[in-house]
$ cat entry-v3.txt   # compact mmCIF, N, CA and C atoms
# COMPACT_ATOMS: atom_id res chain seq x y z
N MET A 139 65.26 -8.21 91.57
CA MET A 139 65.97 -7.34 90.66
C MET A 139 65.00 -6.85 89.60
N ILE A 140 64.72 -5.57 89.59
CA ILE A 140 63.83 -4.98 88.59
C ILE A 140 64.70 -4.32 87.53
N ILE A 141 64.42 -4.66 86.29
CA ILE A 141 65.18 -4.12 85.18
C ILE A 141 64.41 -2.96 84.58
N GLU A 142 65.05 -1.80 84.51
CA GLU A 142 64.43 -0.64 83.89
C GLU A 142 64.50 -0.81 82.37
N ILE A 143 63.37 -0.60 81.71
CA ILE A 143 63.31 -0.74 80.26
C ILE A 143 62.98 0.62 79.67
N ASP A 144 63.95 1.23 79.02
CA ASP A 144 63.72 2.49 78.33
C ASP A 144 63.03 2.20 77.01
N GLU A 145 62.43 3.24 76.46
CA GLU A 145 61.78 3.06 75.16
C GLU A 145 62.79 2.59 74.11
N LYS A 146 63.87 3.30 74.00
CA LYS A 146 64.94 2.90 73.09
C LYS A 146 66.26 2.97 73.85
N THR A 147 66.96 1.89 73.89
CA THR A 147 68.26 1.88 74.55
C THR A 147 69.32 2.37 73.57
N TYR A 148 70.49 2.60 74.10
CA TYR A 148 71.60 3.05 73.26
C TYR A 148 71.88 2.06 72.14
N MET A 149 71.86 0.77 72.46
CA MET A 149 72.15 -0.24 71.44
C MET A 149 71.09 -0.22 70.35
N GLU A 150 69.84 0.00 70.72
CA GLU A 150 68.78 0.06 69.71
C GLU A 150 68.98 1.26 68.80
N TYR A 151 69.32 2.42 69.38
CA TYR A 151 69.57 3.60 68.56
C TYR A 151 70.71 3.34 67.59
N GLU A 152 71.77 2.74 68.10
CA GLU A 152 72.92 2.46 67.25
C GLU A 152 72.54 1.50 66.12
N PHE A 153 71.78 0.48 66.48
CA PHE A 153 71.36 -0.49 65.47
C PHE A 153 70.45 0.16 64.43
N LEU A 154 69.49 0.95 64.89
CA LEU A 154 68.56 1.58 63.96
C LEU A 154 69.24 2.62 63.10
N TYR A 155 70.28 3.25 63.61
CA TYR A 155 70.99 4.26 62.84
C TYR A 155 71.85 3.62 61.76
N ASN A 156 72.50 2.52 62.08
CA ASN A 156 73.44 1.90 61.15
C ASN A 156 72.77 0.93 60.18
N PHE A 157 71.69 0.33 60.58
CA PHE A 157 71.05 -0.70 59.77
C PHE A 157 69.57 -0.39 59.61
N HIS A 158 68.97 -1.07 58.68
CA HIS A 158 67.52 -0.96 58.50
C HIS A 158 66.92 -2.31 58.91
N PRO A 159 66.50 -2.42 60.16
CA PRO A 159 66.01 -3.72 60.64
C PRO A 159 64.67 -4.08 60.01
N SER A 160 64.43 -5.36 60.00
CA SER A 160 63.16 -5.83 59.47
C SER A 160 62.09 -5.63 60.52
N GLU A 161 60.85 -5.80 60.10
CA GLU A 161 59.74 -5.71 61.05
C GLU A 161 59.84 -6.81 62.10
N ILE A 162 60.31 -7.96 61.67
CA ILE A 162 60.44 -9.08 62.60
C ILE A 162 61.44 -8.74 63.70
N HIS A 163 62.52 -8.06 63.33
CA HIS A 163 63.51 -7.67 64.33
C HIS A 163 62.88 -6.80 65.41
N GLN A 164 62.08 -5.84 65.01
CA GLN A 164 61.44 -4.96 65.98
C GLN A 164 60.43 -5.72 66.83
N GLU A 165 59.73 -6.66 66.23
CA GLU A 165 58.79 -7.48 67.00
C GLU A 165 59.52 -8.31 68.05
N ILE A 166 60.70 -8.82 67.69
CA ILE A 166 61.51 -9.59 68.64
C ILE A 166 61.87 -8.71 69.83
N ILE A 167 62.31 -7.49 69.57
CA ILE A 167 62.66 -6.56 70.64
C ILE A 167 61.45 -6.29 71.52
N ASP A 168 60.30 -6.04 70.91
CA ASP A 168 59.09 -5.73 71.67
C ASP A 168 58.65 -6.91 72.55
N HIS A 169 58.70 -8.12 71.99
CA HIS A 169 58.29 -9.29 72.77
C HIS A 169 59.29 -9.57 73.88
N PHE A 170 60.57 -9.31 73.64
CA PHE A 170 61.55 -9.53 74.69
C PHE A 170 61.32 -8.56 75.85
N LYS A 171 61.03 -7.31 75.53
CA LYS A 171 60.72 -6.34 76.58
C LYS A 171 59.46 -6.76 77.35
N GLY A 172 58.45 -7.22 76.62
CA GLY A 172 57.22 -7.69 77.27
C GLY A 172 57.48 -8.88 78.17
N TYR A 173 58.34 -9.78 77.70
CA TYR A 173 58.69 -10.94 78.52
C TYR A 173 59.36 -10.51 79.82
N ILE A 174 60.29 -9.58 79.74
CA ILE A 174 61.00 -9.12 80.94
C ILE A 174 60.01 -8.51 81.93
N GLU A 175 59.11 -7.68 81.45
CA GLU A 175 58.13 -7.06 82.34
C GLU A 175 57.22 -8.09 83.01
N GLU A 176 56.70 -9.01 82.23
CA GLU A 176 55.77 -10.00 82.78
C GLU A 176 56.50 -10.99 83.68
N ASN A 177 57.72 -11.32 83.36
CA ASN A 177 58.49 -12.23 84.21
C ASN A 177 58.77 -11.59 85.57
N GLU A 178 59.06 -10.29 85.57
CA GLU A 178 59.26 -9.58 86.84
C GLU A 178 57.99 -9.63 87.69
N LYS A 179 56.83 -9.43 87.06
CA LYS A 179 55.56 -9.49 87.79
C LYS A 179 55.35 -10.89 88.38
N TRP A 180 55.68 -11.90 87.59
CA TRP A 180 55.51 -13.27 88.04
C TRP A 180 56.44 -13.58 89.21
N ILE A 181 57.70 -13.17 89.09
CA ILE A 181 58.66 -13.47 90.15
C ILE A 181 58.35 -12.70 91.43
N LYS A 182 58.03 -11.41 91.29
CA LYS A 182 57.83 -10.57 92.47
C LYS A 182 56.50 -10.83 93.17
N LYS A 183 55.42 -10.99 92.38
CA LYS A 183 54.08 -11.03 92.96
C LYS A 183 53.36 -12.37 92.81
N CYS A 184 54.00 -13.34 92.16
CA CYS A 184 53.37 -14.63 91.86
C CYS A 184 52.03 -14.43 91.15
N ASN A 185 52.03 -13.50 90.20
CA ASN A 185 50.84 -13.18 89.42
C ASN A 185 50.71 -14.24 88.31
N PHE A 186 49.71 -15.11 88.43
CA PHE A 186 49.57 -16.21 87.49
C PHE A 186 49.25 -15.73 86.07
N GLU A 187 48.49 -14.65 85.96
CA GLU A 187 48.20 -14.11 84.63
C GLU A 187 49.49 -13.60 83.98
N ALA A 188 50.37 -13.02 84.77
CA ALA A 188 51.66 -12.55 84.24
C ALA A 188 52.50 -13.72 83.76
N SER A 189 52.42 -14.85 84.45
CA SER A 189 53.19 -16.02 84.01
C SER A 189 52.69 -16.52 82.65
N ILE A 190 51.39 -16.45 82.45
CA ILE A 190 50.83 -16.86 81.15
C ILE A 190 51.29 -15.90 80.06
N ARG A 191 51.25 -14.61 80.35
CA ARG A 191 51.70 -13.62 79.36
C ARG A 191 53.19 -13.77 79.07
N ALA A 192 53.98 -14.07 80.09
CA ALA A 192 55.42 -14.27 79.88
C ALA A 192 55.66 -15.47 78.97
N ARG A 193 54.93 -16.54 79.22
CA ARG A 193 55.08 -17.73 78.38
C ARG A 193 54.63 -17.45 76.94
N ASN A 194 53.58 -16.64 76.78
CA ASN A 194 53.13 -16.28 75.44
C ASN A 194 54.19 -15.46 74.71
N HIS A 195 54.86 -14.56 75.44
CA HIS A 195 55.94 -13.80 74.83
C HIS A 195 57.08 -14.73 74.39
N LEU A 196 57.39 -15.71 75.22
CA LEU A 196 58.46 -16.66 74.86
C LEU A 196 58.08 -17.47 73.62
N LEU A 197 56.82 -17.86 73.53
CA LEU A 197 56.37 -18.61 72.36
C LEU A 197 56.47 -17.74 71.11
N ALA A 198 56.06 -16.49 71.23
CA ALA A 198 56.16 -15.58 70.09
C ALA A 198 57.62 -15.38 69.70
N LEU A 199 58.51 -15.27 70.69
CA LEU A 199 59.93 -15.13 70.39
C LEU A 199 60.46 -16.34 69.64
N HIS A 200 60.02 -17.50 70.04
CA HIS A 200 60.45 -18.72 69.36
C HIS A 200 60.05 -18.69 67.88
N LYS A 201 58.81 -18.33 67.62
CA LYS A 201 58.33 -18.27 66.24
C LYS A 201 59.04 -17.18 65.44
N LEU A 202 59.21 -16.02 66.07
CA LEU A 202 59.85 -14.90 65.36
C LEU A 202 61.32 -15.15 65.07
N THR A 203 62.00 -15.82 65.99
CA THR A 203 63.42 -16.09 65.75
C THR A 203 63.59 -17.07 64.59
N ARG A 204 62.68 -18.01 64.45
CA ARG A 204 62.76 -18.91 63.30
C ARG A 204 62.55 -18.13 61.99
N GLN A 205 61.58 -17.21 62.01
CA GLN A 205 61.34 -16.40 60.81
C GLN A 205 62.54 -15.51 60.49
N ARG A 206 63.12 -14.92 61.51
CA ARG A 206 64.27 -14.03 61.31
C ARG A 206 65.46 -14.81 60.78
N ARG A 207 65.66 -16.02 61.27
CA ARG A 207 66.75 -16.85 60.76
C ARG A 207 66.58 -17.10 59.26
N LEU A 208 65.34 -17.34 58.83
CA LEU A 208 65.08 -17.56 57.41
C LEU A 208 65.35 -16.29 56.60
N GLU A 209 64.98 -15.13 57.17
CA GLU A 209 65.27 -13.85 56.50
C GLU A 209 66.77 -13.65 56.33
N ILE A 210 67.51 -13.92 57.39
CA ILE A 210 68.96 -13.74 57.33
C ILE A 210 69.57 -14.69 56.31
N LYS A 211 69.09 -15.90 56.30
CA LYS A 211 69.59 -16.89 55.34
C LYS A 211 69.33 -16.43 53.91
N ALA A 212 68.13 -15.91 53.66
CA ALA A 212 67.78 -15.42 52.32
C ALA A 212 68.66 -14.24 51.94
N GLU A 213 68.92 -13.33 52.88
CA GLU A 213 69.77 -12.19 52.61
C GLU A 213 71.20 -12.61 52.30
N ARG A 214 71.68 -13.60 53.02
CA ARG A 214 73.03 -14.12 52.76
C ARG A 214 73.13 -14.71 51.36
N GLU A 215 72.09 -15.46 50.96
CA GLU A 215 72.11 -16.08 49.65
C GLU A 215 72.03 -15.04 48.52
N GLU A 216 71.35 -13.93 48.79
CA GLU A 216 71.26 -12.86 47.79
C GLU A 216 72.60 -12.18 47.57
N THR A 217 73.38 -12.08 48.63
CA THR A 217 74.66 -11.37 48.52
C THR A 217 75.77 -12.22 47.94
N ARG A 218 75.56 -13.48 47.78
CA ARG A 218 76.59 -14.36 47.22
C ARG A 218 76.72 -14.15 45.75

$ encode --input "entry-v3.txt" --output "structure tokens"
Amino acid sequence: MIIEIDEKTYMEYEFLYNFHPSEIHQEIIDHFKGYIEENEKWIKKCNFEASIRARNHLLALHKLTRQRRLEIKAEREETR
């Protein structure tokens, strides 16, 4: 199953139009797209370099999601 990745999906346009995302949010989207591409290469062709890149994207996602959670927490505390 190959997933087509457009530059900007409808949900991204809607999100960008209604909200002002942080840089971390955009990085999360970019790394997720990269993970999908590299994972497809790994699954379809058993490309070992692609598996390493996919794992690197997952590691980056892990770090970025922790940072984004802290941003959201700080924003919540500001609005109280």

$ atom_distance --input "entry-v3.txt" --atom1 "CA of Tyr173 (chain A)" --atom2 "CA of Ala192 (chain A)"
4.9 Å

$ residues_around --input "entry-v3.txt" --residues "Trp180 (chain A)" --least-positions-apart "3" --cutoff "12 Å" --atoms "only C-alpha atoms" --output "PyMOL selection string"
chain A and resi 140+173-177+183-193

$ atom_distance --input "entry-v3.txt" --atom1 "CA of Leu199 (chain A)" --atom2 "CA of Glu213 (chain A)"
20.5 Å

$ atom_distance --input "entry-v3.txt" --atom1 "atom N of Lys179 (chain A)" --atom2 "atom C of Asn194 (chain A)"
14.0 Å

$ closest_residue --input "entry-v3.txt" --among "A:Arg207, A:Ala212, A:Thr217, A:His200" --to "Phe170 (chain A)" --atoms "only C-alpha atoms"
A:His200
